[in-house]
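Structure data (compact mmCIF, C-alpha atoms) from my_file-v8.txt:
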# COMPACT_ATOMS: atom_id res chain seq x y z
CA VAL A 83 14.92 12.23 0.32
CA ALA A 84 14.16 15.50 -1.51
CA SER A 85 16.04 17.50 1.14
CA LEU A 86 19.11 15.30 0.73
CA GLY A 87 18.96 15.76 -3.04
CA VAL A 88 18.81 19.53 -2.65
CA LEU A 89 21.82 19.53 -0.32
CA LYS A 90 23.78 17.04 -2.42
CA ALA A 91 23.27 19.31 -5.43
CA GLY A 92 24.90 22.13 -3.48
CA CYS A 93 21.65 24.04 -3.10
CA ALA A 94 19.89 25.42 -0.08
CA TYR A 95 16.31 25.41 1.07
CA GLN A 96 14.36 27.16 3.79
CA PRO A 97 11.64 24.96 5.31
CA LEU A 98 8.67 27.05 6.39
CA ASP A 99 5.86 25.75 8.55
CA PRO A 100 2.57 27.41 7.48
CA SER A 101 1.28 27.09 11.05
CA TYR A 102 3.87 29.65 12.26
CA PRO A 103 2.64 33.18 12.89
CA LYS A 104 2.90 35.46 9.83
CA GLU A 105 5.48 37.70 11.56
CA ARG A 106 7.74 34.70 12.21
CA LEU A 107 7.47 33.50 8.60
CA ASN A 108 8.28 36.99 7.29
CA PHE A 109 11.33 37.21 9.54
CA MET A 110 12.54 33.76 8.44
CA MET A 111 12.21 34.67 4.75
CA GLN A 112 13.95 38.04 5.16
CA ASP A 113 16.74 36.54 7.24
CA ALA A 114 17.30 33.73 4.73
CA GLY A 115 17.55 36.20 1.85
CA ASN A 116 20.30 38.35 3.30
CA ASN A 117 23.14 36.25 1.91
CA ARG A 118 21.88 35.19 -1.52
CA THR A 119 24.74 36.74 -3.48
CA GLU A 120 27.40 35.36 -1.16
CA GLU A 121 25.83 31.90 -1.28
CA VAL A 122 25.56 31.73 -5.07
CA LEU A 123 29.17 32.83 -5.49
CA GLY A 124 30.41 30.49 -2.77
CA VAL A 125 28.61 27.49 -4.25
CA SER A 126 30.09 28.11 -7.68
CA ARG A 127 33.61 28.56 -6.27
CA ASP A 128 33.32 25.32 -4.27
CA PHE A 129 31.83 23.50 -7.25
CA TRP A 130 34.56 24.50 -9.71
CA VAL A 131 37.32 23.76 -7.19
CA ALA A 132 35.82 20.28 -6.68
CA TYR A 133 35.68 19.79 -10.46
CA ARG A 134 39.30 20.94 -10.88
CA GLU A 135 40.38 18.58 -8.10
CA ARG A 136 38.50 15.74 -9.85
CA VAL A 137 36.20 15.14 -6.89
CA PHE A 138 33.43 14.14 -9.31
CA GLY A 139 35.69 11.76 -11.23
CA VAL A 140 34.89 13.39 -14.59
CA THR A 141 37.06 15.34 -16.97
CA GLU A 142 34.34 16.92 -19.10
CA ALA A 143 33.09 20.27 -17.77
CA PRO A 144 29.73 19.80 -16.05
CA TRP A 145 26.67 21.99 -16.50
CA LEU A 146 25.96 24.24 -13.53
CA GLY A 147 22.71 26.17 -13.35
CA TYR A 148 21.27 28.72 -10.94
CA LEU A 149 17.50 29.11 -10.69
CA PHE A 150 16.45 32.08 -8.57
CA PHE A 151 12.90 32.80 -7.37
CA LEU A 152 11.99 36.27 -6.13
CA GLU A 153 8.62 37.34 -4.75
CA ASP A 154 6.89 39.98 -6.84
CA SER A 155 6.25 42.82 -4.42
CA LEU A 156 6.59 46.57 -4.15
CA SER A 157 9.86 46.17 -2.25
CA SER A 158 11.41 44.05 -5.03
CA GLU A 159 10.40 46.58 -7.71
CA ARG A 160 11.29 49.82 -5.89
CA ALA A 161 14.71 51.45 -6.25
CA VAL A 162 17.07 50.63 -3.40
CA ALA A 163 19.31 53.23 -1.78
CA LEU A 164 23.02 52.63 -2.14
CA ALA A 165 24.97 52.56 1.12
CA ASP A 166 28.18 54.51 1.60
CA SER A 167 31.15 52.35 0.75
CA PRO A 168 34.91 52.73 0.30
CA LEU A 169 34.36 51.59 -3.29
CA PRO A 170 31.77 53.62 -5.16
CA PRO A 171 29.00 51.53 -6.76
CA LEU A 172 29.11 51.08 -10.51
CA PRO A 173 26.72 53.30 -12.47
CA VAL A 174 24.70 50.24 -13.56
CA PHE A 175 23.45 49.97 -9.96
CA GLN A 176 22.27 53.58 -9.62
CA GLY A 177 18.50 53.70 -9.08
CA THR A 178 18.03 49.94 -9.42
CA SER A 179 15.54 47.72 -7.66
CA TYR A 180 16.27 44.38 -6.01
CA LEU A 181 14.75 42.71 -9.06
CA ARG A 182 17.12 44.52 -11.44
CA ARG A 183 20.10 43.83 -9.17
CA TYR A 184 19.35 40.10 -9.18
CA GLU A 185 18.92 40.23 -12.95
CA ILE A 186 22.38 41.83 -13.23
CA LEU A 187 23.77 39.20 -10.86
CA CYS A 188 22.34 36.36 -12.96
CA GLU A 189 23.70 37.89 -16.17
CA ARG A 190 27.16 38.29 -14.68
CA LEU A 191 27.23 34.77 -13.22
CA VAL A 192 27.04 33.46 -16.78
CA LEU A 193 29.31 36.15 -18.24
CA GLU A 194 32.02 35.28 -15.71
CA ARG A 195 31.44 31.55 -16.31
CA ASP A 196 30.52 30.86 -12.72
CA TYR A 197 27.35 29.18 -14.02
CA THR A 198 26.44 27.69 -17.36
CA ALA A 199 22.96 29.22 -17.23
CA THR A 200 20.85 31.22 -14.82
CA ALA A 201 17.17 32.04 -14.57
CA LEU A 202 15.43 34.67 -12.50
CA LEU A 203 11.76 33.92 -11.92
CA VAL A 204 9.37 36.28 -10.20
CA SER A 205 6.37 34.80 -8.41
CA ASP A 206 3.16 36.51 -7.40
CA SER A 207 1.95 35.07 -4.10
CA LYS A 208 -1.60 36.34 -4.65
CA THR A 209 -2.18 34.72 -8.05
CA ALA A 210 0.46 31.95 -7.91
CA SER A 211 1.72 33.15 -11.30
CA VAL A 212 5.38 33.14 -12.30
CA ARG A 213 7.11 35.33 -14.85
CA ASP A 214 10.65 35.81 -16.09
CA GLY A 215 12.65 38.43 -14.21
CA GLY A 216 14.46 39.59 -17.33
CA GLU A 217 14.83 38.76 -21.00
CA SER A 218 18.39 37.46 -20.78
CA VAL A 219 17.73 35.38 -17.66
CA GLY A 220 14.43 33.74 -18.55
CA ALA A 221 13.34 30.19 -17.86
CA LEU A 222 13.20 29.20 -21.54
CA LYS A 223 16.84 30.12 -22.12
CA PHE A 224 17.82 28.28 -18.92
CA PHE A 225 16.01 25.06 -19.79
CA LYS A 226 17.19 25.15 -23.43
CA SER A 227 20.75 25.28 -22.13
CA LEU A 228 20.14 22.32 -19.83
CA TYR A 229 18.37 20.37 -22.58
CA SER A 230 21.23 20.99 -25.01
CA TYR A 231 23.74 19.78 -22.46
CA LEU A 232 21.79 16.62 -21.66
CA SER A 233 21.00 15.88 -25.33
CA ALA A 234 24.66 16.03 -26.28
CA ARG A 235 25.42 13.37 -23.66
CA SER A 236 22.65 10.88 -24.33
Let me see whether you can do it: turn the structure in this file into structure tokens.
Amino acid sequence: VASLGVLKAGCAYQPLDPSYPKERLNFMMQDAGNNRTEEVLGVSRDFWVAYRERVFGVTEAPWLGYLFFLEDSLSSERAVALADSPLPPLPVFQGTSYLRRYEILCERLVLERDYTATALLVSDSKTASVRDGGESVGALKFFKSLYSYLSARS
């Protein structure tokens, strides 16, 4: 039932069996993460087209949130090299880490009105702790936005 709810909400999940060898689990997680940006943009495009076409049967704009978890590791904190491209990268991406790039993504998703609110949470697998991935994309701001939306409709 939970899997159907995730899919019905337009989200994705990656089931991982802890009995798999560590190398297999690492590959599955890396492979699943390659298209995060494309998926979040595609979901919002599909969602807003469905809203415009009245698929949901509502006229009031819905609340759409994006909650992103990233593992706290050296590779998420270290600066990433920029690949050669026909379009030069914007200066904001020079010397940035994956964490900072996802923070920028979350900020821009709200700025461009693709999502009502976003949150970037960073989890530490060793201590099971979770922290905000940036001031403007923290969990408190995300859940306040959702609470405000729900409160106005109850």
* Contacts of A:Asp206 at 9 Å (all atoms listed in the file; same-chain gap of 4+ positions) as a PyMOL selection string -> chain A and resi 152-155+210-213
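When atom CA of A:Ala201 is paired with atom CA of A:Phe150, their separation reads 6.0 Å.
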* Asked: Leaving out A:Ala221 and any residue of its chain fewer than 4 positions from it, which residues lie within 10 Å of it when counting only C-alpha atoms, given as a ChimeraX atom specification?
  -> /A:149-150,199-203,213-217,225-227
Would you mind exporting C-alpha atoms of the selected residues as a JSON list (two decimals), in the frame of the given file?
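File selection.json, as written:
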[["chain", "number", "residue", "atom", "x", "y", "z"],
["A", 149, "LEU", "CA", 17.50, 29.11, -10.69],
["A", 150, "PHE", "CA", 16.45, 32.08, -8.57],
["A", 199, "ALA", "CA", 22.96, 29.22, -17.23],
["A", 200, "THR", "CA", 20.85, 31.22, -14.82],
["A", 201, "ALA", "CA", 17.17, 32.04, -14.57],
["A", 202, "LEU", "CA", 15.43, 34.67, -12.50],
["A", 203, "LEU", "CA", 11.76, 33.92, -11.92],
["A", 213, "ARG", "CA", 7.11, 35.33, -14.85],
["A", 214, "ASP", "CA", 10.65, 35.81, -16.09],
["A", 215, "GLY", "CA", 12.65, 38.43, -14.21],
["A", 216, "GLY", "CA", 14.46, 39.59, -17.33],
["A", 217, "GLU", "CA", 14.83, 38.76, -21.00],
["A", 225, "PHE", "CA", 16.01, 25.06, -19.79],
["A", 226, "LYS", "CA", 17.19, 25.15, -23.43],
["A", 227, "SER", "CA", 20.75, 25.28, -22.13]]
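Between A:Ser218 and the candidates A:Ser236, A:Leu191, A:Thr119, A:Tyr231, the tightest atom-to-atom separation, counting all atoms listed in the file, involves A:Leu191.
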* Pick from A:Lys208, A:Arg183, A:Arg235, A:Arg195 nearest to A:Arg118, counting all atoms listed in the file -> A:Arg183
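Interatomic distance, atom CA of A:Thr209 to atom CA of A:Lys104: 18.6 Å.
Closest approach to A:Ser205 from the set A:Leu193, A:Val131, A:Ser158, A:Cys188 is made by A:Ser158, with distances taken over all atoms listed in the file.
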* Atomic distance atom CA of A:Thr178 - atom CA of A:Val162, expressed in Å with one decimal -> 6.1 Å
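If you count all atoms listed in the file and ignore residues fewer than 4 places along the chain from stretch 168-174 of chain A, what sits within 12 Å of it is Ala163, Leu164, Thr178, Ser179, Arg182, Arg183, Glu185, Ile186 and Leu187 of chain A.
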